[in-house]
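> File structure39.cif below, mmCIF, C-alpha atoms:
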data_entry
#
loop_
_atom_site.label_atom_id
_atom_site.label_comp_id
_atom_site.auth_asym_id
_atom_site.auth_seq_id
_atom_site.Cartn_x
_atom_site.Cartn_y
_atom_site.Cartn_z
CA MET A 19 10.09 -14.33 -9.51
CA LYS A 20 7.46 -15.93 -7.33
CA ASN A 21 8.01 -13.71 -4.29
CA ILE A 22 7.35 -10.45 -6.18
CA PHE A 23 3.73 -9.25 -6.26
CA ILE A 24 2.98 -6.35 -8.61
CA ALA A 25 -0.42 -4.62 -8.72
CA THR A 26 -2.20 -1.29 -8.28
CA SER A 27 -3.44 0.85 -5.45
CA GLY A 28 -7.18 0.35 -5.76
CA TYR A 29 -9.08 -1.26 -8.62
CA SER A 30 -12.43 0.56 -8.88
CA TYR A 31 -11.97 3.67 -11.00
CA LYS A 32 -14.52 4.94 -13.50
CA ASP A 33 -11.87 6.14 -15.94
CA TRP A 34 -10.49 2.59 -16.23
CA LYS A 35 -13.59 1.53 -18.17
CA GLY A 36 -12.65 1.13 -21.79
CA VAL A 37 -8.97 1.37 -20.87
CA PHE A 38 -8.64 -1.73 -18.68
CA TYR A 39 -12.18 -2.89 -17.97
CA PRO A 40 -14.44 -3.82 -20.90
CA LYS A 41 -17.08 -1.14 -21.50
CA GLU A 42 -19.90 -3.62 -20.95
CA LEU A 43 -18.55 -4.83 -17.57
CA SER A 44 -20.52 -3.67 -14.53
CA ALA A 45 -18.66 -2.15 -11.57
CA GLY A 46 -19.76 -5.04 -9.38
CA LYS A 47 -17.62 -7.40 -11.45
CA TYR A 48 -14.48 -5.26 -11.49
CA LEU A 49 -12.68 -7.10 -8.70
CA ALA A 50 -13.22 -10.55 -10.17
CA TYR A 51 -11.94 -9.31 -13.54
CA TYR A 52 -9.01 -7.47 -11.97
CA SER A 53 -7.91 -10.57 -10.04
CA LYS A 54 -7.31 -12.41 -13.32
CA PHE A 55 -4.42 -10.05 -14.10
CA PHE A 56 -2.96 -9.18 -10.69
CA PRO A 57 -2.06 -11.17 -7.53
CA PHE A 58 -3.28 -8.56 -5.03
CA THR A 59 -4.75 -5.09 -4.69
CA GLU A 60 -4.69 -2.27 -2.19
CA LEU A 61 -8.04 -1.34 -0.65
CA ASN A 62 -8.24 2.41 -0.12
CA PHE A 63 -11.90 2.86 0.83
CA SER A 64 -11.03 1.91 4.40
CA TYR A 65 -9.25 5.23 4.87
CA TYR A 66 -12.58 7.04 4.52
CA LYS A 67 -14.90 4.41 5.99
CA GLN A 68 -14.18 1.72 8.55
CA PRO A 69 -14.16 -1.74 6.93
CA GLU A 70 -16.96 -4.13 7.82
CA GLU A 71 -16.83 -7.90 8.24
CA ARG A 72 -19.51 -8.54 5.60
CA GLN A 73 -17.55 -6.44 3.12
CA SER A 74 -14.35 -8.39 3.72
CA LEU A 75 -16.22 -11.66 3.25
CA LYS A 76 -17.54 -10.40 -0.07
CA PHE A 77 -14.00 -9.58 -1.24
CA LEU A 78 -12.99 -13.16 -0.44
CA GLU A 79 -15.95 -14.64 -2.30
CA GLU A 80 -15.21 -12.64 -5.45
CA THR A 81 -11.59 -13.71 -5.79
CA ASP A 82 -9.40 -16.78 -5.99
CA LYS A 83 -7.98 -18.19 -2.75
CA LYS A 84 -4.47 -17.09 -3.76
CA PHE A 85 -5.46 -13.45 -4.29
CA LEU A 86 -4.30 -11.12 -1.50
CA PHE A 87 -5.37 -7.76 -0.12
CA SER A 88 -3.50 -4.86 1.42
CA ILE A 89 -5.77 -2.46 3.24
CA LYS A 90 -5.19 1.12 4.29
CA ALA A 91 -5.80 2.00 7.94
CA HIS A 92 -8.71 4.32 8.69
CA GLN A 93 -7.94 8.03 8.91
CA SER A 94 -8.82 8.00 12.62
CA LEU A 95 -5.64 5.96 13.16
CA THR A 96 -3.20 7.86 10.95
CA HIS A 97 -4.43 11.34 10.06
CA GLN A 98 -6.98 12.33 12.69
CA PRO A 99 -6.41 10.26 15.85
CA THR A 100 -8.57 11.16 18.84
CA ALA A 101 -8.80 10.11 22.46
CA THR A 102 -10.89 7.11 21.33
CA TRP A 103 -8.31 5.75 18.87
CA LYS A 104 -8.11 2.43 20.74
CA GLU A 105 -11.80 1.85 20.06
CA ASP A 106 -11.17 2.72 16.42
CA VAL A 107 -8.47 0.03 16.35
CA LYS A 108 -11.01 -2.53 17.58
CA ILE A 109 -13.55 -1.54 14.93
CA PHE A 110 -10.93 -1.67 12.17
CA SER A 111 -9.58 -5.01 13.36
CA GLY A 112 -13.05 -6.55 13.46
CA GLY A 113 -13.74 -5.42 9.93
CA ILE A 114 -10.62 -7.00 8.44
CA ALA A 115 -10.75 -10.18 10.53
CA PRO A 116 -12.07 -12.35 7.66
CA LEU A 117 -9.09 -11.36 5.47
CA SER A 118 -6.64 -12.15 8.24
CA ASP A 119 -8.35 -15.41 9.24
CA ALA A 120 -8.24 -16.61 5.63
CA ASN A 121 -4.52 -15.74 5.32
CA ARG A 122 -5.42 -13.36 2.52
CA LEU A 123 -4.13 -10.20 4.18
CA ALA A 124 -0.92 -8.99 2.54
CA SER A 125 -0.56 -6.02 4.86
CA VAL A 126 -2.25 -3.22 6.75
CA ILE A 127 -0.90 0.06 5.43
CA LEU A 128 -0.31 2.78 7.99
CA GLN A 129 0.13 5.80 5.74
CA PHE A 130 0.99 8.93 7.67
CA PRO A 131 0.72 12.44 6.20
CA PHE A 132 3.56 14.87 5.64
CA SER A 133 2.38 16.73 8.76
CA PHE A 134 3.13 13.65 10.91
CA LYS A 135 6.61 14.69 11.95
CA TYR A 136 9.31 13.01 13.97
CA THR A 137 8.38 14.19 17.47
CA LYS A 138 8.36 12.46 20.85
CA GLU A 139 4.57 12.56 20.95
CA ASN A 140 4.25 10.98 17.52
CA ARG A 141 6.88 8.34 18.25
CA ILE A 142 4.97 7.25 21.35
CA TYR A 143 1.68 7.21 19.49
CA LEU A 144 3.09 5.14 16.63
CA SER A 145 4.56 2.60 19.03
CA ASN A 146 1.27 2.28 20.93
CA LEU A 147 -0.73 2.03 17.70
CA CYS A 148 1.37 -0.84 16.39
CA LYS A 149 1.15 -2.65 19.73
CA ASN A 150 -2.63 -2.30 19.90
CA LEU A 151 -3.11 -3.46 16.32
CA SER A 152 -1.03 -6.55 17.10
CA ILE A 153 -2.93 -7.23 20.34
CA GLU A 154 -6.35 -6.88 18.71
CA ASN A 155 -5.31 -9.23 15.92
CA SER A 156 -3.37 -11.75 18.03
CA ASN A 157 -0.13 -10.80 16.24
CA ARG A 158 -1.48 -12.19 12.96
CA ILE A 159 -1.56 -8.82 11.28
CA PRO A 160 1.31 -7.74 9.00
CA LEU A 161 1.97 -4.01 9.32
CA SER A 162 3.61 -1.77 6.73
CA ILE A 163 4.31 1.87 7.52
CA GLU A 164 4.56 4.67 4.98
CA PHE A 165 6.05 7.94 6.17
CA ARG A 166 5.44 10.87 3.85
CA ASN A 167 7.92 13.01 5.80
CA ARG A 168 11.66 12.38 5.42
CA GLU A 169 12.28 13.16 9.11
CA TRP A 170 11.43 9.54 9.96
CA ASP A 171 14.24 8.11 7.86
CA LYS A 172 16.55 7.53 10.82
CA PRO A 173 18.55 4.49 11.97
CA SER A 174 16.68 4.49 15.31
CA VAL A 175 13.30 4.30 13.56
CA ILE A 176 14.45 1.56 11.23
CA SER A 177 15.86 -0.39 14.19
CA GLY A 178 12.61 0.01 16.12
CA MET A 179 10.53 -1.20 13.18
CA LYS A 180 12.74 -4.26 12.83
CA GLU A 181 12.17 -5.08 16.49
CA ILE A 182 8.39 -5.11 16.13
CA GLY A 183 8.42 -6.67 12.66
CA ALA A 184 6.75 -3.75 10.91
CA GLY A 185 7.58 -3.24 7.25
CA TRP A 186 9.01 -0.03 5.82
CA ILE A 187 7.17 1.22 2.73
CA VAL A 188 9.46 2.71 0.12
CA SER A 189 7.66 5.63 -1.55
CA ASP A 190 8.52 6.59 -5.10
CA ASN A 191 7.52 10.24 -5.42
CA PRO A 192 8.87 13.54 -6.79
CA GLU A 193 12.22 14.77 -5.50
CA LEU A 194 10.89 17.58 -3.34
CA LYS A 195 12.09 19.01 -0.05
CA GLY A 196 10.99 16.95 2.91
CA LEU A 197 9.62 14.00 0.93
CA PRO A 198 11.14 10.50 1.25
CA LYS A 199 14.08 9.86 -1.05
CA GLY A 200 12.76 6.51 -2.23
CA GLU A 201 15.87 4.56 -1.31
CA MET A 202 15.36 0.80 -1.24
CA LYS A 203 15.19 -0.59 2.29
CA TRP A 204 13.23 -3.12 4.31
CA THR A 205 12.64 -3.74 8.02
CA SER A 206 10.79 -7.07 8.00
CA GLU A 207 10.56 -10.24 5.94
CA THR A 208 8.20 -8.33 3.64
CA ALA A 209 9.36 -5.44 1.47
CA TYR A 210 6.87 -2.90 0.12
CA LEU A 211 7.17 -0.30 -2.63
CA ARG A 212 4.47 2.19 -3.68
CA PHE A 213 4.79 4.16 -6.93
CA HIS A 214 2.99 7.49 -6.55
CA GLY A 215 4.35 9.16 -9.69
CA ARG A 216 6.79 12.04 -9.98
CA ASN A 217 4.41 14.89 -10.73
CA ARG A 218 6.32 17.77 -9.14
CA GLU A 219 3.97 20.50 -10.36
CA ASN A 220 0.81 19.08 -8.77
CA TRP A 221 2.19 17.33 -5.70
CA TRP A 222 1.43 20.07 -3.19
CA GLN A 223 -1.40 21.82 -5.03
CA GLY A 224 -3.21 18.96 -6.75
CA ASP A 225 -6.00 16.68 -5.59
CA ASN A 226 -6.05 12.88 -5.35
CA VAL A 227 -6.30 12.64 -9.14
CA SER A 228 -4.00 15.34 -10.48
CA ARG A 229 -1.29 14.71 -7.85
CA TYR A 230 -0.81 11.16 -9.13
CA ASP A 231 -1.29 11.94 -12.81
CA TYR A 232 1.99 10.53 -14.08
CA ARG A 233 3.10 7.76 -16.39
CA TYR A 234 6.45 6.13 -15.67
CA SER A 235 8.66 5.77 -18.71
CA THR A 236 10.17 2.45 -19.79
CA GLU A 237 13.57 3.79 -18.75
CA GLU A 238 12.32 4.60 -15.24
CA LEU A 239 10.67 1.21 -14.88
CA THR A 240 13.74 -0.63 -16.18
CA GLU A 241 15.87 1.04 -13.52
CA ALA A 242 13.29 0.14 -10.86
CA ALA A 243 13.07 -3.46 -12.07
CA GLU A 244 16.79 -4.01 -11.56
CA ALA A 245 16.62 -2.67 -7.99
CA ILE A 246 13.53 -4.75 -7.26
CA LYS A 247 15.12 -7.98 -8.47
CA LYS A 248 18.16 -7.40 -6.27
CA MET A 249 16.02 -6.60 -3.25
CA SER A 250 13.67 -9.57 -3.74
CA GLY A 251 16.50 -11.97 -2.98
CA LYS A 252 16.82 -10.54 0.51
CA VAL A 253 13.19 -10.78 1.66
CA LYS A 254 10.45 -13.39 1.81
CA ARG A 255 7.88 -11.39 -0.14
CA MET A 256 7.84 -8.08 -1.98
CA PHE A 257 4.70 -6.08 -2.74
CA ILE A 258 4.69 -3.33 -5.34
CA ALA A 259 1.68 -1.08 -5.97
CA PHE A 260 1.18 1.70 -8.50
CA ASN A 261 -0.89 4.62 -7.25
CA ASN A 262 -0.75 6.70 -10.47
CA HIS A 263 -4.30 5.59 -11.20
CA HIS A 264 -5.45 8.41 -13.52
CA LYS A 265 -6.78 6.99 -16.82
CA GLY A 266 -5.39 3.54 -16.09
CA GLN A 267 -1.74 4.56 -16.02
CA ALA A 268 -1.23 2.39 -12.94
CA VAL A 269 -2.42 -0.69 -14.80
CA GLU A 270 -0.17 0.01 -17.79
CA ASN A 271 2.88 0.61 -15.61
CA ALA A 272 2.21 -2.41 -13.37
CA LEU A 273 1.94 -4.78 -16.33
CA GLU A 274 5.05 -3.30 -17.95
CA LEU A 275 7.06 -3.61 -14.74
CA LYS A 276 5.90 -7.22 -14.36
CA ASP A 277 7.28 -8.03 -17.81
CA LEU A 278 10.56 -6.29 -17.01
CA VAL A 279 10.97 -8.09 -13.69
CA GLU A 280 10.22 -11.48 -15.23
CA SER A 281 12.63 -10.97 -18.12
CA GLU A 282 16.17 -12.24 -17.76
#
Let's see the structure in the file written out as structure tokens.


Amino acid sequence: MKNIFIATSGYSYKDWKGVFYPKELSAGKYLAYYSKFFPFTELNFSYYKQPEERQSLKFLEETDKKFLFSIKAHQSLTHQPTATWKEDVKIFSGGIAPLSDANRLASVILQFPFSFKYTKENRIYLSNLCKNLSIENSNRIPLSIEFRNREWDKPSVISGMKEIGAGWIVSDNPELKGLPKGEMKWTSETAYLRFHGRNRENWWQGDNVSRYDYRYSTEELTEAAEAIKKMSGKVKRMFIAFNNHHKGQAVENALELKDLVESE
């Protein structure tokens, strides 16, 4: 199905060498190699460091013109906003401009933490953030929002996102109190699904490696593939990213899901 894009969250992991990347391949050639197998990738570095124009240009040079990028918003916009957040929006927007100008930007991911709860203050901030991102990017920027707290799963929020054209990110995660249920839904012409793994034991206590240390079974992926195929007929594009990156599990699961989705 041509409108389904399956890939991984990030591509540069040391423990992928010898599992996905050839042992002799240098890290500087990872992206070019990765792009031969997947149609897009999620860029996560931008959460920790604001993206720069020269960096975005380099990403474009290293990949085919059809290869796309999703990029995570900087933490100053989602996790630690300050009084200068509007300036942070301008810096972020300038850094990703080459991706947007080249029509290679799949989406900007606004991933909010579990602590970002459904309050009046947060609702106002989210609305203003989306408006400012659109203004700074002349409405050319596709937004996808990932809520890690189930409180946001309300008809009013879904309706509001549809009005501004922001996409709802479906999170596949452990069934734990307060976390999203992972029900398939969409609020724009683009649907988005992120597989974080179902590691219940390490979700609250683990780090960015152990929390996502999980390999989806064939049975779990088969069930997901059926839901994805049904949903793909209702949207223009559908992006699916595996975040269970430990020891290349994301690559293995992404390739397996791709085969399942493409099979009749």

> Please give the centre and size of the box around segment 95-101 of chain A (axis-aligned, containing every atom listed in the file, 6 Å added per side), with values in Å to one decimal and written as AutoDock Vina command-line options.


--center_x -6.0 --center_y 9.1 --center_z 16.3 --size_x 17.6 --size_y 18.4 --size_z 24.4

> Considering only C-alpha atoms, state which residue in the set A:Leu239, A:Leu123, A:Ile246, A:Ala25 is at the smallest distance from Glu201 of chain A.

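Nearest candidate to Glu201 of chain A out of A:Leu239, A:Leu123, A:Ile246, A:Ala25: A:Ile246.
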
> Given the choices A:Gly46, A:Pro99, A:Pro160, A:Gly185, which gets closest to Val253 of chain A if the distance is worked out from all atoms listed in the file?

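Closest candidate: A:Gly185.
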
> Calculated over all atoms listed in the file, which of the candidates A:Trp204, A:Trp186, A:Phe87, A:Tyr143 has the smallest distance to Asn121 of chain A?

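Ranked by minimum distance to Asn121 of chain A, first place goes to A:Phe87.
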
> Quick one: residues within 12 Å of Pro173 of chain A, all atoms listed in the file counted, chain neighbours fewer than 5 positions away excluded, as a ChimeraX atom specification?

/A:178-180,203,205

> Find the spatial neighbours of Asp33 of chain A, counting only C-alpha atoms, within a cut-off of 9 Å - ignore same-chain residues fewer than 4 positions away - and output them as a ChimeraX atom specification.

/A:37-38,263-266

> Restricting the calculation to only C-alpha atoms, which member of A:Ala209, A:Met202, A:Leu78, A:Ile127 is positioned closest to Arg255 of chain A?

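So, comparing all the options, the nearest one is A:Ala209.
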
> I'd like to know which of A:Ile24, A:Glu70, A:Glu238, A:Glu193 is closest to Glu219 of chain A, using only C-alpha atoms.

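The closest residue to Glu219 of chain A is A:Glu193.
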
> Please evaluate the PyMOL selection byres ((chain A and resi 76) around 12) against the displayed coordinates and give the resulting residues as a list in words.

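Matching residues under the PyMOL selection byres ((chain A and resi 76) around 12) are Gly46, Lys47, Leu49, Ala50, Pro69, Glu70, Glu71, Arg72, Gln73, Ser74, Leu75, Phe77, Leu78, Glu79, Glu80, Thr81, Asp82, Gly113, Ile114, Pro116 and Leu117 of chain A.
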
> Just to confirm, what's the straight-line distance from atom CA of Leu194 of chain A to atom CA of Asn217 of chain A in Å (one decimal)?

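Taking atom CA of Leu194 of chain A as the start and atom CA of Asn217 of chain A as the end point, the length is 10.2 Å.
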
> Selected by the PyMOL selection byres ((chain A and resi 129-133) around 12) in the shown coordinates: which residues, as number ranges by chain?

A: 62, 64-65, 89-99, 125-128, 134-137, 140, 143-144, 161-170, 185-189, 194-198, 212, 221-222

> Interatomic distance between atom CA of Glu154 of chain A and atom CA of Val107 of chain A?

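Atom CA of Val107 of chain A lies 7.6 Å from atom CA of Glu154 of chain A.
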
> Could you get me a file of segment 251-272 of chain A with N, CA and C atoms, as a PDB file, in the first residue's frame, taken from the block above?


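Output file decode38.pdb follows:
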ATOM      1  N   GLY A 251      -7.101   3.218   4.409  1.00  0.00           N
ATOM      2  CA  GLY A 251      -8.063   3.561   3.381  1.00  0.00           C
ATOM      3  C   GLY A 251      -8.871   4.806   3.700  1.00  0.00           C
ATOM      4  N   LYS A 252      -8.681   5.342   4.889  1.00  0.00           N
ATOM      5  CA  LYS A 252      -9.453   6.501   5.329  1.00  0.00           C
ATOM      6  C   LYS A 252      -8.622   7.781   5.416  1.00  0.00           C
ATOM      7  N   VAL A 253      -7.311   7.670   5.163  1.00  0.00           N
ATOM      8  CA  VAL A 253      -6.432   8.837   5.246  1.00  0.00           C
ATOM      9  C   VAL A 253      -5.557   8.918   4.003  1.00  0.00           C
ATOM     10  N   LYS A 254      -4.921  10.075   3.824  1.00  0.00           N
ATOM     11  CA  LYS A 254      -4.062  10.274   2.661  1.00  0.00           C
ATOM     12  C   LYS A 254      -2.729   9.560   2.837  1.00  0.00           C
ATOM     13  N   ARG A 255      -2.148   9.702   4.032  1.00  0.00           N
ATOM     14  CA  ARG A 255      -0.876   9.045   4.324  1.00  0.00           C
ATOM     15  C   ARG A 255      -0.881   8.514   5.754  1.00  0.00           C
ATOM     16  N   MET A 256      -0.102   7.483   5.981  1.00  0.00           N
ATOM     17  CA  MET A 256      -0.023   6.886   7.307  1.00  0.00           C
ATOM     18  C   MET A 256       1.435   6.578   7.623  1.00  0.00           C
ATOM     19  N   PHE A 257       1.923   7.167   8.714  1.00  0.00           N
ATOM     20  CA  PHE A 257       3.298   6.957   9.143  1.00  0.00           C
ATOM     21  C   PHE A 257       3.329   6.077  10.389  1.00  0.00           C
ATOM     22  N   ILE A 258       4.221   5.097  10.357  1.00  0.00           N
ATOM     23  CA  ILE A 258       4.339   4.154  11.465  1.00  0.00           C
ATOM     24  C   ILE A 258       5.809   4.052  11.848  1.00  0.00           C
ATOM     25  N   ALA A 259       6.130   4.302  13.123  1.00  0.00           N
ATOM     26  CA  ALA A 259       7.523   4.276  13.568  1.00  0.00           C
ATOM     27  C   ALA A 259       7.672   3.396  14.803  1.00  0.00           C
ATOM     28  N   PHE A 260       8.692   2.557  14.791  1.00  0.00           N
ATOM     29  CA  PHE A 260       9.002   1.701  15.931  1.00  0.00           C
ATOM     30  C   PHE A 260      10.084   2.356  16.787  1.00  0.00           C
ATOM     31  N   ASN A 261       9.785   2.504  18.059  1.00  0.00           N
ATOM     32  CA  ASN A 261      10.701   3.152  18.992  1.00  0.00           C
ATOM     33  C   ASN A 261      11.394   2.142  19.913  1.00  0.00           C
ATOM     34  N   ASN A 262      11.141   0.865  19.729  1.00  0.00           N
ATOM     35  CA  ASN A 262      11.768  -0.178  20.552  1.00  0.00           C
ATOM     36  C   ASN A 262      13.159  -0.485  19.995  1.00  0.00           C
ATOM     37  N   HIS A 263      14.028   0.519  20.073  1.00  0.00           N
ATOM     38  CA  HIS A 263      15.284   0.499  19.320  1.00  0.00           C
ATOM     39  C   HIS A 263      16.376  -0.405  19.877  1.00  0.00           C
ATOM     40  N   HIS A 264      16.246  -0.883  21.113  1.00  0.00           N
ATOM     41  CA  HIS A 264      17.309  -1.664  21.741  1.00  0.00           C
ATOM     42  C   HIS A 264      17.707  -2.870  20.891  1.00  0.00           C
ATOM     43  N   LYS A 265      19.003  -2.959  20.581  1.00  0.00           N
ATOM     44  CA  LYS A 265      19.584  -4.076  19.820  1.00  0.00           C
ATOM     45  C   LYS A 265      18.891  -4.324  18.475  1.00  0.00           C
ATOM     46  N   GLY A 266      18.401  -3.272  17.874  1.00  0.00           N
ATOM     47  CA  GLY A 266      17.826  -3.390  16.535  1.00  0.00           C
ATOM     48  C   GLY A 266      16.452  -4.003  16.464  1.00  0.00           C
ATOM     49  N   GLN A 267      15.767  -4.108  17.597  1.00  0.00           N
ATOM     50  CA  GLN A 267      14.427  -4.705  17.587  1.00  0.00           C
ATOM     51  C   GLN A 267      13.458  -3.888  16.738  1.00  0.00           C
ATOM     52  N   ALA A 268      13.658  -2.572  16.713  1.00  0.00           N
ATOM     53  CA  ALA A 268      12.788  -1.704  15.917  1.00  0.00           C
ATOM     54  C   ALA A 268      12.906  -2.031  14.431  1.00  0.00           C
ATOM     55  N   VAL A 269      14.126  -2.257  13.977  1.00  0.00           N
ATOM     56  CA  VAL A 269      14.345  -2.600  12.574  1.00  0.00           C
ATOM     57  C   VAL A 269      13.662  -3.917  12.229  1.00  0.00           C
ATOM     58  N   GLU A 270      13.869  -4.922  13.070  1.00  0.00           N
ATOM     59  CA  GLU A 270      13.277  -6.239  12.828  1.00  0.00           C
ATOM     60  C   GLU A 270      11.760  -6.161  12.780  1.00  0.00           C
ATOM     61  N   ASN A 271      11.170  -5.446  13.736  1.00  0.00           N
ATOM     62  CA  ASN A 271       9.713  -5.329  13.779  1.00  0.00           C
ATOM     63  C   ASN A 271       9.167  -4.507  12.623  1.00  0.00           C
ATOM     64  N   ALA A 272       9.874  -3.448  12.240  1.00  0.00           N
ATOM     65  CA  ALA A 272       9.417  -2.602  11.132  1.00  0.00           C
ATOM     66  C   ALA A 272       9.398  -3.379   9.818  1.00  0.00           C
TER      67      ALA A 272
END
